[in-house]
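Have a look at upload.csv; it's CSV, N, CA and C atoms:
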chain,number,residue,atom,x,y,z
A,1,MET,N,4.2,-14.3,-9.9
A,1,MET,CA,3.9,-13.1,-10.7
A,1,MET,C,5.1,-12.1,-10.5
A,2,ARG,N,5.5,-11.5,-11.6
A,2,ARG,CA,6.6,-10.5,-11.4
A,2,ARG,C,6.1,-9.4,-10.6
A,3,ASP,N,6.9,-8.9,-9.7
A,3,ASP,CA,6.5,-7.8,-8.8
A,3,ASP,C,5.9,-6.6,-9.5
A,4,ARG,N,6.5,-6.2,-10.6
A,4,ARG,CA,6.1,-5.0,-11.3
A,4,ARG,C,4.6,-5.1,-11.8
A,5,ILE,N,4.2,-6.3,-12.2
A,5,ILE,CA,2.8,-6.4,-12.7
A,5,ILE,C,1.9,-6.4,-11.4
A,6,LEU,N,2.3,-7.1,-10.4
A,6,LEU,CA,1.4,-7.1,-9.2
A,6,LEU,C,1.4,-5.7,-8.6
A,7,GLU,N,2.5,-5.0,-8.6
A,7,GLU,CA,2.5,-3.7,-8.0
A,7,GLU,C,1.6,-2.7,-8.8
A,8,LEU,N,1.6,-2.8,-10.1
A,8,LEU,CA,0.8,-2.0,-10.9
A,8,LEU,C,-0.7,-2.3,-10.7
A,9,TRP,N,-1.0,-3.6,-10.6
A,9,TRP,CA,-2.4,-4.1,-10.4
A,9,TRP,C,-2.9,-3.6,-9.0
A,10,LEU,N,-2.1,-3.7,-8.0
A,10,LEU,CA,-2.5,-3.3,-6.7
A,10,LEU,C,-2.7,-1.8,-6.6
A,11,ARG,N,-1.8,-1.0,-7.2
A,11,ARG,CA,-1.9,0.4,-7.2
A,11,ARG,C,-3.2,0.8,-7.9
A,12,LEU,N,-3.5,0.3,-9.0
A,12,LEU,CA,-4.8,0.6,-9.7
A,12,LEU,C,-6.0,0.1,-8.9
A,13,LEU,N,-5.9,-1.1,-8.4
A,13,LEU,CA,-7.0,-1.7,-7.6
A,13,LEU,C,-7.3,-0.9,-6.3
A,14,ALA,N,-6.2,-0.4,-5.7
A,14,ALA,CA,-6.4,0.4,-4.5
A,14,ALA,C,-7.2,1.7,-4.8
A,15,LEU,N,-7.0,2.2,-6.0
A,15,LEU,CA,-7.8,3.4,-6.4
A,15,LEU,C,-9.2,3.2,-6.7
A,16,HIS,N,-9.6,1.9,-6.8
A,16,HIS,CA,-11.0,1.5,-7.0
A,16,HIS,C,-11.7,1.0,-5.8
A,17,ILE,N,-11.1,1.1,-4.7
A,17,ILE,CA,-11.8,0.7,-3.4
A,17,ILE,C,-12.8,1.8,-3.1
A,18,GLU,N,-14.0,1.4,-2.7
A,18,GLU,CA,-15.0,2.4,-2.3
A,18,GLU,C,-14.5,3.3,-1.2
A,19,GLU,N,-15.1,4.5,-1.1
A,19,GLU,CA,-14.7,5.5,-0.1
A,19,GLU,C,-15.7,5.4,1.1
A,20,SER,N,-15.2,5.8,2.2
A,20,SER,CA,-16.0,5.9,3.4
A,20,SER,C,-15.4,6.9,4.4
A,21,PRO,N,-16.2,7.8,5.0
A,21,PRO,CA,-15.7,8.7,6.0
A,21,PRO,C,-15.3,8.0,7.3
A,22,ASP,N,-15.8,6.7,7.5
A,22,ASP,CA,-15.6,6.0,8.7
A,22,ASP,C,-14.1,5.6,8.8
A,23,GLU,N,-13.4,6.1,9.8
A,23,GLU,CA,-12.0,5.8,10.0
A,23,GLU,C,-11.7,4.3,10.2
A,24,ASP,N,-12.7,3.5,10.7
A,24,ASP,CA,-12.5,2.1,10.9
A,24,ASP,C,-12.9,1.2,9.7
A,25,PHE,N,-13.2,1.9,8.6
A,25,PHE,CA,-13.7,1.2,7.4
A,25,PHE,C,-12.5,0.3,6.9
A,26,LEU,N,-12.8,-1.0,6.7
A,26,LEU,CA,-11.8,-2.0,6.3
A,26,LEU,C,-11.2,-1.6,4.9
A,27,GLY,N,-12.0,-1.0,4.1
A,27,GLY,CA,-11.5,-0.6,2.8
A,27,GLY,C,-10.4,0.4,2.9
A,28,ARG,N,-10.4,1.2,3.9
A,28,ARG,CA,-9.3,2.2,4.1
A,28,ARG,C,-8.0,1.5,4.4
A,29,ARG,N,-8.1,0.4,5.3
A,29,ARG,CA,-6.9,-0.4,5.6
A,29,ARG,C,-6.4,-1.1,4.4
A,30,ILE,N,-7.3,-1.7,3.6
A,30,ILE,CA,-6.9,-2.4,2.4
A,30,ILE,C,-6.2,-1.4,1.5
A,31,ARG,N,-6.8,-0.3,1.2
A,31,ARG,CA,-6.2,0.7,0.3
A,31,ARG,C,-4.8,1.1,0.8
A,32,ASP,N,-4.7,1.5,2.1
A,32,ASP,CA,-3.4,1.9,2.6
A,32,ASP,C,-2.3,0.8,2.4
A,33,GLN,N,-2.7,-0.4,2.7
A,33,GLN,CA,-1.7,-1.5,2.6
A,33,GLN,C,-1.3,-1.7,1.1
A,34,TRP,N,-2.3,-1.7,0.2
A,34,TRP,CA,-2.0,-1.9,-1.2
A,34,TRP,C,-1.3,-0.7,-1.8
A,35,LEU,N,-1.5,0.5,-1.4
A,35,LEU,CA,-0.7,1.6,-1.9
A,35,LEU,C,0.8,1.4,-1.4
A,36,LEU,N,1.0,1.0,-0.2
A,36,LEU,CA,2.3,0.7,0.3
A,36,LEU,C,3.0,-0.4,-0.4
A,37,ALA,N,2.2,-1.5,-0.6
A,37,ALA,CA,2.7,-2.7,-1.2
A,37,ALA,C,3.1,-2.5,-2.7
A,38,SER,N,2.4,-1.5,-3.3
A,38,SER,CA,2.6,-1.2,-4.7
A,38,SER,C,3.7,-0.2,-5.0
A,39,LYS,N,4.3,0.3,-4.0
A,39,LYS,CA,5.2,1.4,-4.1
A,39,LYS,C,6.5,1.1,-4.8
A,40,GLY,N,6.9,-0.2,-4.8
A,40,GLY,CA,8.1,-0.7,-5.5
A,40,GLY,C,9.2,-1.0,-4.5
A,41,TYR,N,8.9,-1.0,-3.2
A,41,TYR,CA,10.0,-1.2,-2.2
A,41,TYR,C,10.3,-2.6,-1.9
A,42,PHE,N,9.4,-3.6,-2.3
A,42,PHE,CA,9.5,-4.9,-1.8
A,42,PHE,C,9.9,-5.9,-3.0
A,43,ALA,N,11.2,-6.2,-3.0
A,43,ALA,CA,11.8,-7.1,-4.0
A,43,ALA,C,11.5,-8.5,-3.6
A,44,GLY,N,10.8,-9.2,-4.5
A,44,GLY,CA,10.5,-10.6,-4.3
A,44,GLY,C,9.4,-11.0,-3.4
A,45,HIS,N,8.8,-10.0,-2.7
A,45,HIS,CA,7.7,-10.3,-1.9
A,45,HIS,C,6.9,-9.0,-1.7
A,46,VAL,N,5.7,-9.0,-2.3
A,46,VAL,CA,4.8,-7.8,-2.2
A,46,VAL,C,3.8,-8.1,-1.1
A,47,PRO,N,3.8,-7.4,0.0
A,47,PRO,CA,2.9,-7.7,1.1
A,47,PRO,C,1.5,-7.2,0.9
A,48,HIS,N,0.7,-7.9,0.1
A,48,HIS,CA,-0.7,-7.5,-0.2
A,48,HIS,C,-1.7,-7.9,0.9
A,49,ASP,N,-1.4,-8.9,1.7
A,49,ASP,CA,-2.3,-9.3,2.8
A,49,ASP,C,-3.7,-9.7,2.3
A,50,LEU,N,-3.7,-10.2,1.1
A,50,LEU,CA,-5.0,-10.6,0.5
A,50,LEU,C,-5.7,-11.7,1.4
A,51,GLU,N,-5.0,-12.6,1.9
A,51,GLU,CA,-5.6,-13.7,2.7
A,51,GLU,C,-6.3,-13.1,3.9
A,52,LEU,N,-5.6,-12.1,4.6
A,52,LEU,CA,-6.2,-11.4,5.7
A,52,LEU,C,-7.4,-10.6,5.4
A,53,PHE,N,-7.3,-9.8,4.3
A,53,PHE,CA,-8.4,-8.9,4.0
A,53,PHE,C,-9.6,-9.7,3.4
A,54,ALA,N,-9.4,-10.8,2.8
A,54,ALA,CA,-10.5,-11.5,2.2
A,54,ALA,C,-11.0,-12.7,3.1
A,55,SER,N,-10.6,-12.6,4.4
A,55,SER,CA,-11.0,-13.7,5.3
A,55,SER,C,-12.4,-13.6,5.8
A,56,ASP,N,-13.1,-12.5,5.5
A,56,ASP,CA,-14.6,-12.5,5.9
A,56,ASP,C,-15.4,-11.9,4.7
A,57,GLU,N,-16.7,-12.0,4.9
A,57,GLU,CA,-17.6,-11.5,3.8
A,57,GLU,C,-17.4,-10.0,3.5
A,58,ASN,N,-17.2,-9.2,4.5
A,58,ASN,CA,-17.1,-7.8,4.2
A,58,ASN,C,-15.8,-7.5,3.4
A,59,GLY,N,-14.7,-8.1,3.8
A,59,GLY,CA,-13.5,-7.9,3.0
A,59,GLY,C,-13.6,-8.4,1.6
A,60,GLN,N,-14.2,-9.6,1.4
A,60,GLN,CA,-14.4,-10.1,0.1
A,60,GLN,C,-15.3,-9.2,-0.8
A,61,ARG,N,-16.3,-8.6,-0.2
A,61,ARG,CA,-17.2,-7.7,-0.9
A,61,ARG,C,-16.4,-6.5,-1.4
A,62,ILE,N,-15.7,-5.9,-0.5
A,62,ILE,CA,-14.9,-4.7,-0.8
A,62,ILE,C,-13.9,-5.0,-1.9
A,63,ILE,N,-13.2,-6.1,-1.8
A,63,ILE,CA,-12.2,-6.5,-2.9
A,63,ILE,C,-12.9,-6.8,-4.2
A,64,ARG,N,-13.9,-7.6,-4.2
A,64,ARG,CA,-14.7,-7.9,-5.4
A,64,ARG,C,-15.2,-6.7,-6.1
A,65,ASN,N,-15.8,-5.8,-5.3
A,65,ASN,CA,-16.3,-4.5,-5.9
A,65,ASN,C,-15.2,-3.7,-6.6
A,66,ALA,N,-14.0,-3.6,-5.9
A,66,ALA,CA,-12.9,-2.9,-6.5
A,66,ALA,C,-12.4,-3.6,-7.8
A,67,ILE,N,-12.4,-4.9,-7.8
A,67,ILE,CA,-11.9,-5.6,-9.0
A,67,ILE,C,-12.9,-5.4,-10.1
A,68,GLU,N,-14.2,-5.5,-9.8
A,68,GLU,CA,-15.2,-5.3,-10.9
A,68,GLU,C,-15.1,-3.9,-11.4
A,69,SER,N,-14.9,-2.9,-10.6
A,69,SER,CA,-14.8,-1.5,-11.0
A,69,SER,C,-13.6,-1.3,-11.9
A,70,LEU,N,-12.4,-1.8,-11.5
A,70,LEU,CA,-11.2,-1.7,-12.2
A,70,LEU,C,-11.3,-2.5,-13.6
A,71,MET,N,-11.9,-3.7,-13.5
A,71,MET,CA,-12.0,-4.5,-14.7
A,71,MET,C,-12.9,-3.8,-15.8
A,72,HIS,N,-13.9,-3.2,-15.3
A,72,HIS,CA,-14.8,-2.4,-16.2
A,72,HIS,C,-14.0,-1.3,-16.9
A,73,LYS,N,-13.2,-0.6,-16.1
A,73,LYS,CA,-12.4,0.5,-16.7
A,73,LYS,C,-11.4,0.0,-17.6
A,74,LEU,N,-10.7,-1.1,-17.3
A,74,LEU,CA,-9.7,-1.7,-18.1
A,74,LEU,C,-10.2,-2.1,-19.4
A,75,LYS,N,-11.4,-2.7,-19.5
A,75,LYS,CA,-12.0,-3.1,-20.7
A,75,LYS,C,-12.4,-2.0,-21.6
A,76,GLN,N,-12.5,-0.8,-21.1
A,76,GLN,CA,-12.8,0.4,-21.9
A,76,GLN,C,-11.5,1.2,-22.2
A,77,ALA,N,-10.4,0.8,-21.6
A,77,ALA,CA,-9.1,1.5,-21.7
A,77,ALA,C,-8.5,1.2,-23.1
A,78,PRO,N,-7.5,2.0,-23.5
A,78,PRO,CA,-6.7,1.7,-24.7
A,78,PRO,C,-6.1,0.4,-24.6
A,79,GLU,N,-5.7,-0.2,-25.7
A,79,GLU,CA,-5.1,-1.5,-25.8
A,79,GLU,C,-3.7,-1.5,-25.1
A,80,THR,N,-3.0,-0.4,-25.1
A,80,THR,CA,-1.8,-0.2,-24.4
A,80,THR,C,-1.8,1.0,-23.6
A,81,LEU,N,-1.2,1.0,-22.4
A,81,LEU,CA,-1.1,2.1,-21.5
A,81,LEU,C,0.4,2.7,-21.7
A,82,ASP,N,0.5,3.9,-21.8
A,82,ASP,CA,1.8,4.6,-22.1
A,82,ASP,C,2.6,4.5,-20.8
A,83,GLY,N,3.9,4.1,-20.9
A,83,GLY,CA,4.8,3.9,-19.8
A,83,GLY,C,5.0,5.2,-19.0
A,84,PRO,N,5.3,6.3,-19.6
A,84,PRO,CA,5.5,7.6,-18.9
A,84,PRO,C,4.2,8.0,-18.1
A,85,THR,N,3.1,7.7,-18.7
A,85,THR,CA,1.8,8.0,-18.0
A,85,THR,C,1.7,7.2,-16.7
A,86,LEU,N,2.0,5.9,-16.9
A,86,LEU,CA,2.0,5.0,-15.7
A,86,LEU,C,2.9,5.4,-14.6
A,87,ASP,N,4.0,6.1,-15.0
A,87,ASP,CA,4.9,6.6,-14.0
A,87,ASP,C,4.3,7.7,-13.1
A,88,LEU,N,3.2,8.3,-13.5
A,88,LEU,CA,2.5,9.3,-12.7
A,88,LEU,C,1.8,8.6,-11.5
A,89,LEU,N,1.7,7.3,-11.5
A,89,LEU,CA,1.1,6.6,-10.3
A,89,LEU,C,2.0,6.5,-9.1
A,90,GLY,N,3.2,6.9,-9.2
A,90,GLY,CA,4.1,6.9,-8.1
A,90,GLY,C,4.7,5.6,-7.7
A,91,ILE,N,4.8,4.7,-8.6
A,91,ILE,CA,5.5,3.4,-8.3
A,91,ILE,C,6.9,3.6,-8.6
A,92,GLU,N,7.8,3.2,-7.7
A,92,GLU,CA,9.2,3.4,-7.8
A,92,GLU,C,9.9,2.8,-9.1
A,93,ASP,N,9.5,1.6,-9.5
A,93,ASP,CA,10.0,1.0,-10.7
A,93,ASP,C,9.5,1.7,-11.9
A,94,THR,N,10.3,2.4,-12.6
A,94,THR,CA,9.9,3.2,-13.8
A,94,THR,C,9.4,2.4,-14.9
A,95,PHE,N,8.3,2.8,-15.4
A,95,PHE,CA,7.7,2.2,-16.6
A,95,PHE,C,8.1,3.1,-17.8
A,96,ARG,N,8.9,2.4,-18.7
A,96,ARG,CA,9.4,3.1,-19.9
A,96,ARG,C,8.6,2.8,-21.1
A,97,ASP,N,8.2,1.5,-21.2
A,97,ASP,CA,7.6,1.0,-22.4
A,97,ASP,C,6.1,0.9,-22.2
A,98,PRO,N,5.4,0.9,-23.4
A,98,PRO,CA,3.9,0.7,-23.3
A,98,PRO,C,3.6,-0.6,-22.6
A,99,PHE,N,2.5,-0.7,-21.9
A,99,PHE,CA,2.1,-1.8,-21.1
A,99,PHE,C,0.7,-2.3,-21.6
A,100,LYS,N,0.6,-3.5,-22.1
A,100,LYS,CA,-0.6,-4.0,-22.6
A,100,LYS,C,-1.7,-4.2,-21.5
A,101,THR,N,-2.8,-3.5,-21.8
A,101,THR,CA,-4.0,-3.6,-20.8
A,101,THR,C,-4.4,-5.0,-20.6
A,102,CYS,N,-4.4,-5.8,-21.6
A,102,CYS,CA,-4.9,-7.2,-21.4
A,102,CYS,C,-4.1,-8.0,-20.3
A,103,ARG,N,-2.9,-7.5,-20.1
A,103,ARG,CA,-2.1,-8.2,-19.0
A,103,ARG,C,-2.7,-7.9,-17.6
A,104,LEU,N,-3.2,-6.7,-17.4
A,104,LEU,CA,-3.9,-6.4,-16.2
A,104,LEU,C,-5.3,-7.1,-16.1
A,105,ILE,N,-5.9,-7.2,-17.2
A,105,ILE,CA,-7.2,-7.9,-17.2
A,105,ILE,C,-7.0,-9.4,-16.8
A,106,GLU,N,-5.9,-10.0,-17.3
A,106,GLU,CA,-5.6,-11.4,-17.0
A,106,GLU,C,-5.3,-11.5,-15.5
A,107,VAL,N,-4.6,-10.5,-14.9
A,107,VAL,CA,-4.4,-10.5,-13.4
A,107,VAL,C,-5.7,-10.4,-12.7
A,108,GLY,N,-6.6,-9.6,-13.2
A,108,GLY,CA,-7.9,-9.4,-12.5
A,108,GLY,C,-8.7,-10.7,-12.5
A,109,HIS,N,-8.7,-11.5,-13.6
A,109,HIS,CA,-9.4,-12.8,-13.7
A,109,HIS,C,-8.7,-13.7,-12.7
A,110,ALA,N,-7.4,-13.7,-12.6
A,110,ALA,CA,-6.7,-14.6,-11.7
A,110,ALA,C,-7.1,-14.2,-10.2
A,111,PHE,N,-7.2,-13.0,-9.9
A,111,PHE,CA,-7.6,-12.6,-8.5
A,111,PHE,C,-9.0,-13.1,-8.2
A,112,LEU,N,-9.9,-13.0,-9.2
A,112,LEU,CA,-11.3,-13.5,-9.0
A,112,LEU,C,-11.3,-15.0,-8.8
A,113,ARG,N,-10.5,-15.7,-9.6
A,113,ARG,CA,-10.4,-17.2,-9.4
A,113,ARG,C,-9.8,-17.5,-8.1
A,114,LEU,N,-8.8,-16.7,-7.6
A,114,LEU,CA,-8.2,-16.9,-6.3
A,114,LEU,C,-9.2,-16.8,-5.2
A,115,LEU,N,-10.0,-15.7,-5.3
A,115,LEU,CA,-11.0,-15.4,-4.3
A,115,LEU,C,-12.1,-16.5,-4.3
A,116,ASP,N,-12.3,-17.1,-5.5
A,116,ASP,CA,-13.3,-18.2,-5.6
A,116,ASP,C,-12.8,-19.6,-5.2
A,117,GLY,N,-11.5,-19.6,-4.8
A,117,GLY,CA,-10.9,-20.9,-4.4
A,117,GLY,C,-10.5,-21.8,-5.6
A,118,GLN,N,-10.4,-21.2,-6.8
A,118,GLN,CA,-10.1,-22.0,-7.9
A,118,GLN,C,-8.6,-22.0,-8.2
A,119,ILE,N,-7.8,-21.2,-7.5
A,119,ILE,CA,-6.4,-21.3,-7.6
A,119,ILE,C,-5.8,-21.7,-6.3
A,120,THR,N,-5.1,-22.8,-6.3
A,120,THR,CA,-4.6,-23.3,-5.1
A,120,THR,C,-3.1,-23.4,-5.0
A,121,ASP,N,-2.4,-22.9,-6.1
A,121,ASP,CA,-0.9,-22.8,-6.1
A,121,ASP,C,-0.4,-21.9,-5.0
A,122,THR,N,0.8,-22.1,-4.6
A,122,THR,CA,1.4,-21.3,-3.6
A,122,THR,C,2.3,-20.3,-4.3
A,123,ALA,N,2.9,-19.4,-3.5
A,123,ALA,CA,3.7,-18.3,-4.1
A,123,ALA,C,5.0,-19.0,-4.7
A,124,ALA,N,5.3,-20.2,-4.3
A,124,ALA,CA,6.5,-20.8,-4.9
A,124,ALA,C,6.2,-21.4,-6.3
A,125,SER,N,5.0,-21.5,-6.7
A,125,SER,CA,4.7,-22.0,-8.0
A,125,SER,C,5.1,-21.1,-9.1
A,126,THR,N,5.7,-21.6,-10.1
A,126,THR,CA,6.2,-20.8,-11.2
A,126,THR,C,5.7,-21.3,-12.6
A,127,GLU,N,4.7,-22.2,-12.5
A,127,GLU,CA,4.1,-22.7,-13.8
A,127,GLU,C,3.5,-21.6,-14.6
A,128,PHE,N,2.8,-20.7,-14.0
A,128,PHE,CA,2.1,-19.6,-14.7
A,128,PHE,C,2.0,-18.4,-13.8
A,129,ALA,N,2.4,-17.3,-14.3
A,129,ALA,CA,2.3,-16.0,-13.5
A,129,ALA,C,1.3,-15.1,-14.3
A,130,PRO,N,0.1,-14.8,-13.8
A,130,PRO,CA,-0.8,-14.0,-14.5
A,130,PRO,C,-0.2,-12.7,-14.9
A,131,GLY,N,-0.5,-12.3,-16.1
A,131,GLY,CA,0.0,-11.0,-16.7
A,131,GLY,C,1.3,-11.1,-17.3
A,132,SER,N,2.0,-12.3,-17.2
A,132,SER,CA,3.4,-12.4,-17.7
A,132,SER,C,3.4,-13.2,-19.0
A,133,ARG,N,2.3,-13.8,-19.4
A,133,ARG,CA,2.2,-14.6,-20.6
A,133,ARG,C,2.4,-13.7,-21.8
A,134,LEU,N,1.8,-12.5,-21.8
A,134,LEU,CA,1.8,-11.6,-22.9
A,134,LEU,C,3.0,-10.7,-22.9
A,135,ALA,N,3.6,-10.5,-24.0
A,135,ALA,CA,4.8,-9.6,-24.1
A,135,ALA,C,4.4,-8.1,-23.9
A,136,THR,N,5.2,-7.3,-23.3
A,136,THR,CA,5.0,-5.9,-23.1
A,136,THR,C,4.8,-5.1,-24.4
Go through the file and emit its structure as structure tokens.
Amino acid sequence: MRDRILELWLRLLALHIEESPDEDFLGRRIRDQWLLASKGYFAGHVPHDLELFASDENGQRIIRNAIESLMHKLKQAPETLDGPTLDLLGIEDTFRDPFKTCRLIEVGHAFLRLLDGQITDTAASTEFAPGSRLAT
């Protein structure tokens, strides 16, 4: 997956993680990591730690709930998201052009398939990168 797509997905997904006043809440650690990972600092490797966070039932629940929440909003969103508006999210890589919402939905479906064990490719696989099939 191109970093820019994964970074945008993680930034939006982080904003859909449930809130808790508990300082030890796993969702807080996931959110913090994904906000850092989505900042645009990591060329070629985005440290999302999905395997770590999804390694138990609690982490899987938090991640799935965030994906469901974001996917619901994306399906109600405009067909394209304005580039300068996306820049407000604080990702270092500037968005200039409109970004098709369906690309993020495709990434969401891939994340769910990954959590379900239906995707077994490694990071080295280049056959298909979710969200890259559709032109910007």
Original post:
Can you tell me how far atom CA of A:Ser69 sits from atom CA of A:Thr101, in Å to one decimal?
Top reply: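 We find that atom CA of A:Ser69 and atom CA of A:Thr101 lie 14.7 Å from each other.
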Of A:Asp56, A:Glu23, A:Asp3, A:Asp116, the one nearest to A:Gly40 when counting all atoms listed in the file is A:Asp3
Q) Which one is closest to A:Leu115: A:Asp22, A:Ala54, A:Lys75, A:Arg96? Count only C-alpha atoms. A)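 Ranking A:Asp22, A:Ala54, A:Lys75, A:Arg96 by distance to A:Leu115, first place goes to A:Ala54.
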Pick out the residues sitting within 8 Å of A:Asp97, and hand them over as a VMD selection string; count only N, CA and C atoms, and ignore anything fewer than 6 positions along from it in its own chain. chain A and resid 81 to 84 136
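Nearest residue to A:Leu74 among A:Gly117, A:Gly108, A:Pro98, A:Pro21 is A:Gly108, counting only C-alpha atoms.
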A:Ile17 proximity check over A:Ile119, A:Ala77, A:Leu70, A:Ala110, using only N, CA and C atoms: winner is A:Leu70
*Please, which residues of stretch 44-113 of chain A, numbered as in this document, come out strand (DSSP E or B) from DSSP, as JSON, numbers by chain?*
{"A": [80, 81, 99, 100]}
From atom C of A:Trp9 to atom C of A:Glu79 the spacing works out at 16.3 Å
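Closest approach to A:Glu18 among A:Gln76, A:Asn65, A:Gln33, A:Thr94 is made by A:Asn65 (distances from all atoms listed in the file).
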